[in-house]
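Quick look at work-v4.pdb (PDB, C-alpha atoms and all ligand atoms):
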```
ATOM      1  CA  MET A   1       3.883 -25.028   2.991
ATOM      2  CA  LYS A   2       3.161 -24.887   6.703
ATOM      3  CA  ALA A   3       0.179 -26.719   8.147
ATOM      4  CA  GLU A   4      -0.161 -24.564  11.259
ATOM      5  CA  ARG A   5      -2.778 -21.839  11.531
ATOM      6  CA  TYR A   6      -1.926 -18.144  11.479
ATOM      7  CA  TYR A   7      -3.885 -14.919  11.796
ATOM      8  CA  GLY A   8      -3.323 -12.127   9.269
ATOM      9  CA  ILE A   9      -4.685  -8.830  10.624
ATOM     10  CA  ASP A  10      -5.076  -5.610   8.601
ATOM     11  CA  VAL A  11      -5.768  -2.675  10.907
ATOM     12  CA  GLY A  12      -7.463   0.171   9.015
ATOM     13  CA  GLY A  13      -8.931   3.450  10.195
ATOM     14  CA  THR A  14     -12.532   2.267   9.670
ATOM     15  CA  SER A  15     -12.364  -1.489  10.127
ATOM     16  CA  VAL A  16      -9.932  -4.231  11.041
ATOM     17  CA  LYS A  17      -9.888  -7.151   8.600
ATOM     18  CA  ILE A  18      -8.820 -10.495  10.031
ATOM     19  CA  GLY A  19      -8.067 -13.722   8.164
ATOM     20  CA  LEU A  20      -7.407 -17.219   9.517
ATOM     21  CA  PHE A  21      -4.877 -19.017   7.314
ATOM     22  CA  GLN A  22      -3.578 -22.555   7.138
ATOM     23  CA  GLY A  23      -0.300 -22.167   5.298
ATOM     24  CA  GLU A  24      -1.115 -19.874   2.384
ATOM     25  CA  THR A  25      -4.784 -20.916   2.291
ATOM     26  CA  LEU A  26      -7.343 -18.446   3.633
ATOM     27  CA  LEU A  27      -9.833 -20.487   5.709
ATOM     28  CA  GLU A  28     -12.111 -17.666   6.790
ATOM     29  CA  LYS A  29     -12.138 -13.883   7.148
ATOM     30  CA  TRP A  30     -14.143 -11.339   9.093
ATOM     31  CA  SER A  31     -13.850  -7.771  10.271
ATOM     32  CA  VAL A  32     -14.395  -5.688  13.384
ATOM     33  CA  THR A  33     -15.089  -1.944  13.566
ATOM     34  CA  THR A  34     -12.048   0.139  14.477
ATOM     35  CA  ASP A  35     -12.712   1.992  17.729
ATOM     36  CA  THR A  36     -10.473   5.051  17.469
ATOM     37  CA  SER A  37     -11.783   6.626  20.701
ATOM     38  CA  ASP A  38      -9.346   7.183  23.614
ATOM     39  CA  GLY A  39      -6.273   7.090  21.377
ATOM     40  CA  GLY A  40      -7.343   3.762  19.878
ATOM     41  CA  LYS A  41      -6.744   1.919  23.152
ATOM     42  CA  ASN A  42      -9.530  -0.643  22.565
ATOM     43  CA  ILE A  43      -8.409  -1.735  19.099
ATOM     44  CA  VAL A  44      -6.150  -4.644  20.065
ATOM     45  CA  ARG A  45      -8.583  -5.912  22.718
ATOM     46  CA  ASP A  46     -11.451  -5.874  20.179
ATOM     47  CA  ILE A  47      -9.323  -7.860  17.701
ATOM     48  CA  VAL A  48      -8.393 -10.508  20.284
ATOM     49  CA  LYS A  49     -12.051 -10.846  21.406
ATOM     50  CA  SER A  50     -13.044 -11.746  17.824
ATOM     51  CA  LEU A  51     -10.522 -14.592  17.402
ATOM     52  CA  PRO A  52     -12.078 -18.078  17.235
ATOM     53  CA  GLY A  53      -9.140 -19.900  18.846
ATOM     54  CA  PRO A  54      -5.403 -20.383  19.278
ATOM     55  CA  ALA A  55      -2.885 -20.193  16.413
ATOM     56  CA  ALA A  56       0.838 -20.660  15.852
ATOM     57  CA  GLY A  57       1.321 -16.977  15.175
ATOM     58  CA  ALA A  58      -0.155 -13.700  13.981
ATOM     59  CA  ALA A  59       0.916 -10.447  12.397
ATOM     60  CA  MET A  60      -0.689  -7.018  12.233
ATOM     61  CA  ALA A  61      -0.432  -4.685   9.245
ATOM     62  CA  VAL A  62      -0.785  -1.067  10.385
ATOM     63  CA  PRO A  63      -1.086   2.293   8.576
ATOM     64  CA  GLY A  64       2.114   3.857   9.898
ATOM     65  CA  ALA A  65       5.868   3.475  10.176
ATOM     66  CA  VAL A  66       7.102   0.344  11.964
ATOM     67  CA  LEU A  67      10.652   0.243  13.276
ATOM     68  CA  PRO A  68      12.698  -2.933  12.736
ATOM     69  CA  ASP A  69      12.264  -3.806  16.458
ATOM     70  CA  GLY A  70       8.444  -3.815  16.160
ATOM     71  CA  THR A  71       7.798  -0.384  17.651
ATOM     72  CA  VAL A  72       5.004   1.454  15.813
ATOM     73  CA  ASN A  73       5.865   5.110  15.205
ATOM     74  CA  ARG A  74       2.431   6.784  15.010
ATOM     75  CA  CYS A  75      -0.699   5.684  13.160
ATOM     76  CA  VAL A  76      -2.659   8.924  12.813
ATOM     77  CA  ASN A  77      -5.768   7.142  11.449
ATOM     78  CA  LEU A  78      -5.919   4.850  14.501
ATOM     79  CA  GLY A  79      -5.095   7.464  17.134
ATOM     80  CA  TRP A  80      -1.894   5.588  18.037
ATOM     81  CA  GLY A  81       1.318   7.341  19.050
ATOM     82  CA  VAL A  82       4.572   5.470  19.592
ATOM     83  CA  CYS A  83       3.479   2.054  20.863
ATOM     84  CA  ARG A  84       3.978  -1.725  20.814
ATOM     85  CA  PRO A  85       0.532  -3.220  20.006
ATOM     86  CA  THR A  86       1.971  -6.716  19.566
ATOM     87  CA  ASP A  87       2.950  -6.899  23.255
ATOM     88  CA  GLU A  88      -0.679  -6.301  24.262
ATOM     89  CA  PHE A  89      -1.919  -8.749  21.606
ATOM     90  CA  THR A  90       0.336 -11.536  22.911
ATOM     91  CA  ALA A  91      -0.471 -10.775  26.567
ATOM     92  CA  LEU A  92      -4.226 -11.055  25.871
ATOM     93  CA  SER A  93      -4.190 -13.991  23.417
ATOM     94  CA  GLY A  94      -1.044 -15.984  24.182
ATOM     95  CA  ILE A  95      -0.284 -15.900  20.437
ATOM     96  CA  PRO A  96       3.122 -14.620  19.220
ATOM     97  CA  CYS A  97       2.583 -11.544  17.053
ATOM     98  CA  ARG A  98       4.645  -9.433  14.644
ATOM     99  CA  VAL A  99       3.783  -6.062  13.117
ATOM    100  CA  LEU A 100       4.535  -4.475   9.737
ATOM    101  CA  ASN A 101       3.476  -1.478   7.685
ATOM    102  CA  ASP A 102       0.326  -2.083   5.609
ATOM    103  CA  ALA A 103       1.919  -1.104   2.264
ATOM    104  CA  ASN A 104       4.716  -3.570   3.034
ATOM    105  CA  ALA A 105       2.154  -6.289   3.801
ATOM    106  CA  ALA A 106       0.484  -5.672   0.434
ATOM    107  CA  ALA A 107       3.882  -5.870  -1.307
ATOM    108  CA  LEU A 108       4.712  -9.198   0.320
ATOM    109  CA  ALA A 109       1.291 -10.619  -0.591
ATOM    110  CA  GLU A 110       1.374  -9.464  -4.229
ATOM    111  CA  GLN A 111       4.948 -10.766  -4.657
ATOM    112  CA  ARG A 112       4.200 -14.230  -3.254
ATOM    113  CA  LEU A 113       0.583 -14.802  -4.273
ATOM    114  CA  GLY A 114      -0.699 -11.940  -6.449
ATOM    115  CA  GLY A 115       0.195  -9.818  -9.477
ATOM    116  CA  GLY A 116       3.936 -10.257  -8.930
ATOM    117  CA  LYS A 117       3.851 -14.030  -8.352
ATOM    118  CA  GLY A 118       6.890 -15.821  -9.746
ATOM    119  CA  ARG A 119       9.173 -12.788  -9.362
ATOM    120  CA  ARG A 120      11.765 -12.341  -6.609
ATOM    121  CA  SER A 121      11.901  -8.532  -6.729
ATOM    122  CA  ILE A 122       8.921  -6.197  -7.041
ATOM    123  CA  VAL A 123       7.857  -2.715  -6.054
ATOM    124  CA  MET A 124       4.178  -2.618  -5.109
ATOM    125  CA  VAL A 125       2.633   0.838  -5.462
ATOM    126  CA  THR A 126      -0.660   1.457  -3.663
ATOM    127  CA  LEU A 127      -2.647   4.319  -5.205
ATOM    128  CA  GLY A 128      -5.378   5.382  -2.788
ATOM    129  CA  THR A 129      -6.021   8.547  -0.804
ATOM    130  CA  GLY A 130      -2.219   8.748  -0.751
ATOM    131  CA  VAL A 131       0.530   6.931  -2.631
ATOM    132  CA  GLY A 132       2.357   4.208  -0.715
ATOM    133  CA  ALA A 133       4.788   1.553  -1.787
ATOM    134  CA  GLY A 134       6.416  -1.589  -0.501
ATOM    135  CA  VAL A 135       9.576  -3.195  -1.800
ATOM    136  CA  VAL A 136      10.423  -6.902  -1.919
ATOM    137  CA  LEU A 137      14.007  -7.285  -3.159
ATOM    138  CA  ASP A 138      15.515 -10.718  -3.838
ATOM    139  CA  GLY A 139      12.602 -12.257  -1.915
ATOM    140  CA  ARG A 140      13.088 -10.080   1.188
ATOM    141  CA  LEU A 141      10.848  -7.269   2.385
ATOM    142  CA  LEU A 142      12.808  -4.034   2.636
ATOM    143  CA  VAL A 143      12.034  -2.161   5.866
ATOM    144  CA  GLY A 144      14.820   0.409   6.251
ATOM    145  CA  ALA A 145      16.455   1.977   9.300
ATOM    146  CA  ARG A 146      13.298   3.829  10.411
ATOM    147  CA  GLY A 147      10.681   1.645   8.809
ATOM    148  CA  THR A 148      10.002   4.094   5.996
ATOM    149  CA  ALA A 149      11.502   2.275   2.996
ATOM    150  CA  GLY A 150       9.117   2.623   0.060
ATOM    151  CA  GLU A 151       7.663   6.063   0.862
ATOM    152  CA  LEU A 152       7.400   6.692  -2.864
ATOM    153  CA  GLY A 153       4.483   9.095  -2.364
ATOM    154  CA  HIS A 154       6.800  11.679  -0.817
ATOM    155  CA  MET A 155       9.358  11.640  -3.619
ATOM    156  CA  CYS A 156       9.624  15.304  -4.655
ATOM    157  CA  MET A 157       8.561  15.815  -8.259
ATOM    158  CA  ASP A 158       8.399  19.631  -8.277
ATOM    159  CA  PRO A 159       9.565  21.681  -5.253
ATOM    160  CA  LEU A 160       8.289  24.901  -6.897
ATOM    161  CA  ASP A 161       4.660  23.787  -7.432
ATOM    162  CA  SER A 162       3.094  25.683  -4.523
ATOM    163  CA  ALA A 163      -0.388  24.503  -5.583
ATOM    164  CA  ALA A 164       0.663  20.923  -4.767
ATOM    165  CA  ALA A 165       0.761  21.095  -0.963
ATOM    166  CA  CYS A 166       1.303  17.667   0.591
ATOM    167  CA  THR A 167       0.008  16.385   3.938
ATOM    168  CA  CYS A 168       3.673  15.885   4.945
ATOM    169  CA  GLY A 169       4.333  19.638   4.890
ATOM    170  CA  HIS A 170       6.355  19.768   1.646
ATOM    171  CA  VAL A 171       5.113  20.678  -1.834
ATOM    172  CA  GLY A 172       5.210  18.758  -5.105
ATOM    173  CA  CYS A 173       5.299  15.242  -3.628
ATOM    174  CA  LEU A 174       4.284  12.454  -6.036
ATOM    175  CA  GLU A 175       1.092  11.776  -4.070
ATOM    176  CA  THR A 176      -0.166  15.311  -4.696
ATOM    177  CA  TYR A 177      -0.431  14.291  -8.399
ATOM    178  CA  ALA A 178      -0.986  10.540  -8.553
ATOM    179  CA  SER A 179      -3.220   9.680  -5.566
ATOM    180  CA  ALA A 180      -7.025   9.757  -5.850
ATOM    181  CA  THR A 181      -6.931  13.115  -4.050
ATOM    182  CA  GLY A 182      -4.176  14.344  -6.363
ATOM    183  CA  ILE A 183      -6.039  13.377  -9.522
ATOM    184  CA  VAL A 184      -9.160  15.205  -8.297
ATOM    185  CA  ARG A 185      -6.925  18.215  -7.571
ATOM    186  CA  LEU A 186      -5.380  18.141 -11.065
ATOM    187  CA  ALA A 187      -8.875  17.981 -12.580
ATOM    188  CA  ALA A 188      -9.969  21.007 -10.518
ATOM    189  CA  GLN A 189      -6.881  22.875 -11.745
ATOM    190  CA  ALA A 190      -8.031  22.107 -15.293
ATOM    191  CA  GLY A 191     -11.485  23.488 -14.480
ATOM    192  CA  VAL A 192     -13.282  20.160 -13.923
ATOM    193  CA  THR A 193     -14.983  19.927 -10.536
ATOM    194  CA  GLY A 194     -17.627  17.683  -8.981
ATOM    195  CA  LEU A 195     -16.141  14.390 -10.207
ATOM    196  CA  ASP A 196     -14.413  11.782  -8.048
ATOM    197  CA  CYS A 197     -11.234  10.018  -9.137
ATOM    198  CA  LYS A 198     -13.073   7.008 -10.598
ATOM    199  CA  GLN A 199     -15.363   9.258 -12.653
ATOM    200  CA  ILE A 200     -12.359  11.227 -13.923
ATOM    201  CA  LEU A 201     -10.489   8.093 -15.049
ATOM    202  CA  ASP A 202     -13.637   6.502 -16.506
ATOM    203  CA  GLY A 203     -14.290   9.716 -18.473
ATOM    204  CA  ALA A 204     -10.671   9.799 -19.647
ATOM    205  CA  ALA A 205     -10.870   6.173 -20.795
ATOM    206  CA  ALA A 206     -14.103   7.012 -22.654
ATOM    207  CA  GLY A 207     -12.231   9.688 -24.619
ATOM    208  CA  ASP A 208     -13.054  12.994 -22.850
ATOM    209  CA  ALA A 209     -10.114  15.170 -23.944
ATOM    210  CA  ALA A 210      -9.926  17.366 -20.820
ATOM    211  CA  LEU A 211     -10.057  14.334 -18.516
ATOM    212  CA  GLU A 212      -7.553  12.446 -20.629
ATOM    213  CA  ALA A 213      -5.091  15.344 -20.207
ATOM    214  CA  VAL A 214      -5.521  15.000 -16.416
ATOM    215  CA  ALA A 215      -4.924  11.229 -16.569
ATOM    216  CA  ASP A 216      -1.892  11.763 -18.812
ATOM    217  CA  ARG A 217      -0.338  14.240 -16.384
ATOM    218  CA  ALA A 218      -0.911  11.989 -13.346
ATOM    219  CA  CYS A 219       0.428   8.898 -15.156
ATOM    220  CA  ASP A 220       3.406  10.781 -16.606
ATOM    221  CA  LEU A 221       4.500  11.846 -13.121
ATOM    222  CA  LEU A 222       3.799   8.413 -11.680
ATOM    223  CA  GLY A 223       5.820   6.741 -14.438
ATOM    224  CA  ARG A 224       8.645   9.201 -13.850
ATOM    225  CA  GLY A 225       8.652   8.499 -10.103
ATOM    226  CA  ILE A 226       8.596   4.756 -10.739
ATOM    227  CA  ALA A 227      11.467   5.071 -13.241
ATOM    228  CA  SER A 228      13.614   6.772 -10.571
ATOM    229  CA  CYS A 229      12.639   4.092  -8.100
ATOM    230  CA  CYS A 230      13.644   1.349 -10.565
ATOM    231  CA  ALA A 231      16.996   3.025 -11.282
ATOM    232  CA  LEU A 232      17.685   2.595  -7.570
ATOM    233  CA  LEU A 233      16.186  -0.854  -6.896
ATOM    234  CA  ASP A 234      15.972  -2.697 -10.251
ATOM    235  CA  PRO A 235      12.870  -4.847  -9.561
ATOM    236  CA  GLU A 236      11.572  -7.330 -12.150
ATOM    237  CA  ALA A 237       8.141  -5.713 -12.021
ATOM    238  CA  VAL A 238       6.149  -2.861 -10.533
ATOM    239  CA  VAL A 239       2.670  -3.824  -9.335
ATOM    240  CA  LEU A 240      -0.081  -1.177  -9.146
ATOM    241  CA  GLY A 241      -2.851  -1.597  -6.561
ATOM    242  CA  GLY A 242      -5.295   0.458  -4.499
ATOM    243  CA  GLY A 243      -8.520   2.208  -5.490
ATOM    244  CA  VAL A 244      -7.026   4.254  -8.357
ATOM    245  CA  ALA A 245      -5.703   1.056  -9.974
ATOM    246  CA  GLN A 246      -9.327  -0.062 -10.406
ATOM    247  CA  ALA A 247      -9.008   1.868 -13.681
ATOM    248  CA  GLY A 248      -7.190  -1.296 -14.772
ATOM    249  CA  GLU A 249      -5.525  -1.706 -18.153
ATOM    250  CA  TYR A 250      -6.143   1.947 -19.131
ATOM    251  CA  LEU A 251      -4.031   3.144 -16.194
ATOM    252  CA  ARG A 252      -1.471   0.327 -16.425
ATOM    253  CA  LYS A 253      -0.686   1.060 -20.086
ATOM    254  CA  LYS A 254      -0.277   4.809 -19.480
ATOM    255  CA  VAL A 255       2.065   4.193 -16.541
ATOM    256  CA  GLN A 256       4.052   1.583 -18.508
ATOM    257  CA  ASP A 257       4.427   4.056 -21.415
ATOM    258  CA  ALA A 258       5.540   6.844 -19.053
ATOM    259  CA  PHE A 259       7.978   4.474 -17.348
ATOM    260  CA  ASP A 260       9.435   3.531 -20.741
ATOM    261  CA  ARG A 261       9.908   7.244 -21.581
ATOM    262  CA  TYR A 262      11.898   7.993 -18.425
ATOM    263  CA  ALA A 263      13.598   4.711 -17.482
ATOM    264  CA  PHE A 264      17.359   4.227 -17.456
ATOM    265  CA  HIS A 265      18.074   2.142 -20.581
ATOM    266  CA  ALA A 266      19.192  -0.924 -18.637
ATOM    267  CA  CYS A 267      15.894  -0.927 -16.672
ATOM    268  CA  LEU A 268      13.765  -1.117 -19.838
ATOM    269  CA  GLY A 269      11.826  -4.370 -19.783
ATOM    270  CA  THR A 270      10.603  -3.807 -16.220
ATOM    271  CA  GLU A 271       6.931  -4.720 -16.368
ATOM    272  CA  VAL A 272       4.161  -2.579 -14.906
ATOM    273  CA  LEU A 273       1.454  -4.991 -13.704
ATOM    274  CA  LEU A 274      -1.867  -4.803 -11.855
ATOM    275  CA  ALA A 275      -2.400  -6.167  -8.343
ATOM    276  CA  THR A 276      -4.763  -9.142  -8.119
ATOM    277  CA  LEU A 277      -5.500  -9.631  -4.399
ATOM    278  CA  GLY A 278      -7.655  -6.533  -3.901
ATOM    279  CA  SER A 279      -8.604  -5.794  -0.313
ATOM    280  CA  ASP A 280      -7.290  -9.206   0.854
ATOM    281  CA  ALA A 281      -3.669  -8.126   0.218
ATOM    282  CA  GLY A 282      -3.263  -6.781   3.774
ATOM    283  CA  ILE A 283      -4.426  -9.912   5.610
ATOM    284  CA  CYS A 284      -2.514 -12.208   3.195
ATOM    285  CA  GLY A 285       0.696 -10.204   3.595
ATOM    286  CA  ALA A 286       0.364 -10.108   7.366
ATOM    287  CA  ALA A 287      -0.176 -13.890   7.511
ATOM    288  CA  LEU A 288       2.878 -14.498   5.288
ATOM    289  CA  TYR A 289       4.931 -12.235   7.583
ATOM    290  CA  ALA A 290       3.727 -14.193  10.634
ATOM    291  CA  MET A 291       4.909 -17.438   8.972
ATOM    292  CA  ASP A 292       8.337 -16.074   7.911
TER     293      ASP A 292
HETATM  294 ZN    ZN B   1       4.709  14.616   0.946
END
```

Just give me the structure as structure tokens.
Amino acid sequence: MKAERYYGIDVGGTSVKIGLFQGETLLEKWSVTTDTSDGGKNIVRDIVKSLPGPAAGAAMAVPGAVLPDGTVNRCVNLGWGVCRPTDEFTALSGIPCRVLNDANAAALAEQRLGGGKGRRSIVMVTLGTGVGAGVVLDGRLLVGARGTAGELGHMCMDPLDSAAACTCGHVGCLETYASATGIVRLAAQAGVTGLDCKQILDGAAAGDAALEAVADRACDLLGRGIASCCALLDPEAVVLGGGVAQAGEYLRKKVQDAFDRYAFHACLGTEVLLATLGSDAGICGAALYAMD
């Protein structure tokens, strides 16, 4: 446990969440509005202006690919192209700063402090507008050659499903079925419109047959994708987080059952768990990365 202070910064498209940590303890947190004007050029300056004082280190979690050398390769939601925001952060604040992908930050936080605590290897799946994932294997965050390790959402489930167009340009990606947007799309395909993802899953849990069929389809595909992922990585547990995972035990059980249907026999026993850190996962993971 380190006694020095660190900043964990979670840069989102609407707001930037910032936490001041002493070791693993969160002392205080606040947020600043994300100014995406002019290619997001004010974002780092606005963060630094809000800091109450010096610290031993900081790390930024960002919604985009981060190369192993700390170069950010586009964050569409922030207006950033290829850039090195940590250089500007350190120049303005004098504080050393690292950067990582936000799904990876959440994975690190849930493995060390959250739903996956006590396990050395987890896959953390974030189910929101899209489907993201982060991998911690044998205690180490997996980044990959281009910073895209864990892009579970773009695993192709059905290349012939032309109705499932993905934002990446392909069709049939996992996130076109299992994200909040995907679940709303599946419901519309089944003739149910005007409900958001939460309403669909709440209705399914309450026993509405049409909505339950939608939830079953989404969870079946998610469990299948996770089973493939586990055949490759063999984690002790898979942790589900993000807005869709607010459906809690109802969703967890369906995904666990689907996983058990598709898993390689030697992977059976892999637990599907729920994330516990909520919206603090990003700042916690960033702070842990700054301390590493
Ligand atoms: Zn895709």

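Using only C-alpha atoms, the nearest neighbour of Gln256 of chain A within the list A:Leu232, A:Ala187, A:Cys219, A:Leu100 is A:Cys219.
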
Surroundings of ligand ZN 1 (chain B) up to 9 Å, based on all atoms listed in the file, as an NGL selection string: :A and (153-156 or 165-176)

C-alpha atoms of the current selection, written as a PDB file, in the frame of the given file:
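To be explicit, this is the file written out as out.pdb:
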```pdb
ATOM      1  CA  GLY A 153       4.483   9.095  -2.364  1.00  0.00           C
ATOM      2  CA  HIS A 154       6.800  11.679  -0.817  1.00  0.00           C
ATOM      3  CA  MET A 155       9.358  11.640  -3.619  1.00  0.00           C
ATOM      4  CA  CYS A 156       9.624  15.304  -4.655  1.00  0.00           C
ATOM      5  CA  ALA A 165       0.761  21.095  -0.963  1.00  0.00           C
ATOM      6  CA  CYS A 166       1.303  17.667   0.591  1.00  0.00           C
ATOM      7  CA  THR A 167       0.008  16.385   3.938  1.00  0.00           C
ATOM      8  CA  CYS A 168       3.673  15.885   4.945  1.00  0.00           C
ATOM      9  CA  GLY A 169       4.333  19.638   4.890  1.00  0.00           C
ATOM     10  CA  HIS A 170       6.355  19.768   1.646  1.00  0.00           C
ATOM     11  CA  VAL A 171       5.113  20.678  -1.834  1.00  0.00           C
ATOM     12  CA  GLY A 172       5.210  18.758  -5.105  1.00  0.00           C
ATOM     13  CA  CYS A 173       5.299  15.242  -3.628  1.00  0.00           C
ATOM     14  CA  LEU A 174       4.284  12.454  -6.036  1.00  0.00           C
ATOM     15  CA  GLU A 175       1.092  11.776  -4.070  1.00  0.00           C
ATOM     16  CA  THR A 176      -0.166  15.311  -4.696  1.00  0.00           C
TER      17      THR A 176
END
```

Near-Gly130 of chain A list (9 Å; only C-alpha atoms; drop same-chain fewer than 2 positions) as a PyMOL selection string: chain A and resi 126-128+132+153+175-176+178-182

Non-local contacts of Leu288 of chain A (8 Å; all atoms listed in the file; under 6 positions in same chain excluded) as number ranges by chain: A: 8, 24, 108-109

Target residues per the PyMOL selection byres (((chain A and resi 186) around 12) and not hetatm), formatted as number ranges by chain: A: 163-164, 175-185, 187-193, 195-197, 200-201, 210-219, 221

Could you save those same residues with C-alpha atoms as a PDB file, in the frame of the given file?
```pdb
ATOM      1  CA  ALA A 163      -0.388  24.503  -5.583  1.00  0.00           C
ATOM      2  CA  ALA A 164       0.663  20.923  -4.767  1.00  0.00           C
ATOM      3  CA  GLU A 175       1.092  11.776  -4.070  1.00  0.00           C
ATOM      4  CA  THR A 176      -0.166  15.311  -4.696  1.00  0.00           C
ATOM      5  CA  TYR A 177      -0.431  14.291  -8.399  1.00  0.00           C
ATOM      6  CA  ALA A 178      -0.986  10.540  -8.553  1.00  0.00           C
ATOM      7  CA  SER A 179      -3.220   9.680  -5.566  1.00  0.00           C
ATOM      8  CA  ALA A 180      -7.025   9.757  -5.850  1.00  0.00           C
ATOM      9  CA  THR A 181      -6.931  13.115  -4.050  1.00  0.00           C
ATOM     10  CA  GLY A 182      -4.176  14.344  -6.363  1.00  0.00           C
ATOM     11  CA  ILE A 183      -6.039  13.377  -9.522  1.00  0.00           C
ATOM     12  CA  VAL A 184      -9.160  15.205  -8.297  1.00  0.00           C
ATOM     13  CA  ARG A 185      -6.925  18.215  -7.571  1.00  0.00           C
ATOM     14  CA  ALA A 187      -8.875  17.981 -12.580  1.00  0.00           C
ATOM     15  CA  ALA A 188      -9.969  21.007 -10.518  1.00  0.00           C
ATOM     16  CA  GLN A 189      -6.881  22.875 -11.745  1.00  0.00           C
ATOM     17  CA  ALA A 190      -8.031  22.107 -15.293  1.00  0.00           C
ATOM     18  CA  GLY A 191     -11.485  23.488 -14.480  1.00  0.00           C
ATOM     19  CA  VAL A 192     -13.282  20.160 -13.923  1.00  0.00           C
ATOM     20  CA  THR A 193     -14.983  19.927 -10.536  1.00  0.00           C
ATOM     21  CA  LEU A 195     -16.141  14.390 -10.207  1.00  0.00           C
ATOM     22  CA  ASP A 196     -14.413  11.782  -8.048  1.00  0.00           C
ATOM     23  CA  CYS A 197     -11.234  10.018  -9.137  1.00  0.00           C
ATOM     24  CA  ILE A 200     -12.359  11.227 -13.923  1.00  0.00           C
ATOM     25  CA  LEU A 201     -10.489   8.093 -15.049  1.00  0.00           C
ATOM     26  CA  ALA A 210      -9.926  17.366 -20.820  1.00  0.00           C
ATOM     27  CA  LEU A 211     -10.057  14.334 -18.516  1.00  0.00           C
ATOM     28  CA  GLU A 212      -7.553  12.446 -20.629  1.00  0.00           C
ATOM     29  CA  ALA A 213      -5.091  15.344 -20.207  1.00  0.00           C
ATOM     30  CA  VAL A 214      -5.521  15.000 -16.416  1.00  0.00           C
ATOM     31  CA  ALA A 215      -4.924  11.229 -16.569  1.00  0.00           C
ATOM     32  CA  ASP A 216      -1.892  11.763 -18.812  1.00  0.00           C
ATOM     33  CA  ARG A 217      -0.338  14.240 -16.384  1.00  0.00           C
ATOM     34  CA  ALA A 218      -0.911  11.989 -13.346  1.00  0.00           C
ATOM     35  CA  CYS A 219       0.428   8.898 -15.156  1.00  0.00           C
ATOM     36  CA  LEU A 221       4.500  11.846 -13.121  1.00  0.00           C
TER      37      LEU A 221
END
```

Result set of the PyMOL selection byres (((chain A and resi 230) around 12) and not hetatm) on the coordinates above, as number ranges by chain: A: 121-124, 135, 137, 150, 152, 223-229, 231-238, 259-260, 262-272

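Restricting the calculation to all atoms listed in the file, the smallest distance between Asp102 of chain A and any of A:Arg5, A:Lys253, A:Lys17, A:Arg120 is found for A:Lys17.
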
Residues within 9 Å of Gly242 of chain A, only C-alpha atoms, excluding chain neighbours under 3 positions, as a PyMOL selection string: chain A and resi 125-129+131+245-246+275+278-279

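This file, filtered with the PyMOL selection byres (((chain A and resi 96) around 7) and not hetatm), gives the residues Gly57, Ala58, Thr90, Gly94, Ile95 and Cys97 of chain A.
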
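Distances here use all atoms listed in the file; by that measure, the residue among A:Ala205, A:Met291, A:Leu142, A:Ala286 closest to Ala61 of chain A is A:Ala286.
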
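Proximity to Pro85 of chain A at 8 Å, evaluated using only C-alpha atoms and with sequence-adjacent residues fewer than 4 positions away removed, yields Val44, Val72 and Phe89 of chain A.
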
One-decimal distance in Å that lies between atom CA of Val32 of chain A and atom CA of Ile18 of chain A: 8.1 Å

Padded axis-aligned box of segment 97-108 of chain A (3 Å per side), centre and edge lengths, Å, one decimal, as AutoDock Vina command-line options:
```
--center_x 2.5 --center_y -6.3 --center_z 7.9 --size_x 10.4 --size_y 16.4 --size_z 24.4
```

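Distances to Met60 of chain A were evaluated for A:Asn104, A:Thr148, A:Asn42, A:Gln111 using only C-alpha atoms, and the minimum falls at A:Asn104.
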
For Ile9 of chain A, the nearest of the candidates A:Asn73, A:Thr25, A:Ser50, A:Gln199, counting only C-alpha atoms: A:Ser50

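Across A:Ile47, A:Gly147, A:Leu141, A:Asp38, the tightest approach to Leu67 of chain A is made by A:Gly147 when counting only C-alpha atoms.
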
For atom CA of Leu92 of chain A and atom CA of Ala107 of chain A, the interatomic separation in Å (one decimal): 28.8 Å

Point-to-point distance in Å for atom CA of Gly53 of chain A and atom CA of Gly13 of chain A: 24.9 Å

Would you mind putting N, CA and C atoms back on segment 101-108 of chain A and writing the result as a PDB file, in the coordinates of the input?
```
ATOM      1  N   ASN A 101       4.231  -2.542   8.353  1.00  0.00           N
ATOM      2  CA  ASN A 101       3.476  -1.478   7.685  1.00  0.00           C
ATOM      3  C   ASN A 101       2.511  -2.086   6.664  1.00  0.00           C
ATOM      4  N   ASP A 102       1.342  -1.473   6.488  1.00  0.00           N
ATOM      5  CA  ASP A 102       0.326  -2.083   5.609  1.00  0.00           C
ATOM      6  C   ASP A 102       0.726  -2.107   4.128  1.00  0.00           C
ATOM      7  N   ALA A 103       1.454  -1.081   3.667  1.00  0.00           N
ATOM      8  CA  ALA A 103       1.919  -1.104   2.264  1.00  0.00           C
ATOM      9  C   ALA A 103       2.950  -2.221   2.066  1.00  0.00           C
ATOM     10  N   ASN A 104       3.746  -2.475   3.111  1.00  0.00           N
ATOM     11  CA  ASN A 104       4.716  -3.570   3.034  1.00  0.00           C
ATOM     12  C   ASN A 104       4.012  -4.922   3.022  1.00  0.00           C
ATOM     13  N   ALA A 105       2.932  -5.041   3.794  1.00  0.00           N
ATOM     14  CA  ALA A 105       2.154  -6.289   3.801  1.00  0.00           C
ATOM     15  C   ALA A 105       1.585  -6.556   2.410  1.00  0.00           C
ATOM     16  N   ALA A 106       1.049  -5.511   1.776  1.00  0.00           N
ATOM     17  CA  ALA A 106       0.484  -5.672   0.434  1.00  0.00           C
ATOM     18  C   ALA A 106       1.571  -6.091  -0.555  1.00  0.00           C
ATOM     19  N   ALA A 107       2.771  -5.524  -0.403  1.00  0.00           N
ATOM     20  CA  ALA A 107       3.882  -5.870  -1.307  1.00  0.00           C
ATOM     21  C   ALA A 107       4.253  -7.345  -1.167  1.00  0.00           C
ATOM     22  N   LEU A 108       4.358  -7.795   0.072  1.00  0.00           N
ATOM     23  CA  LEU A 108       4.712  -9.198   0.320  1.00  0.00           C
ATOM     24  C   LEU A 108       3.658 -10.129  -0.284  1.00  0.00           C
TER      25      LEU A 108
END
```
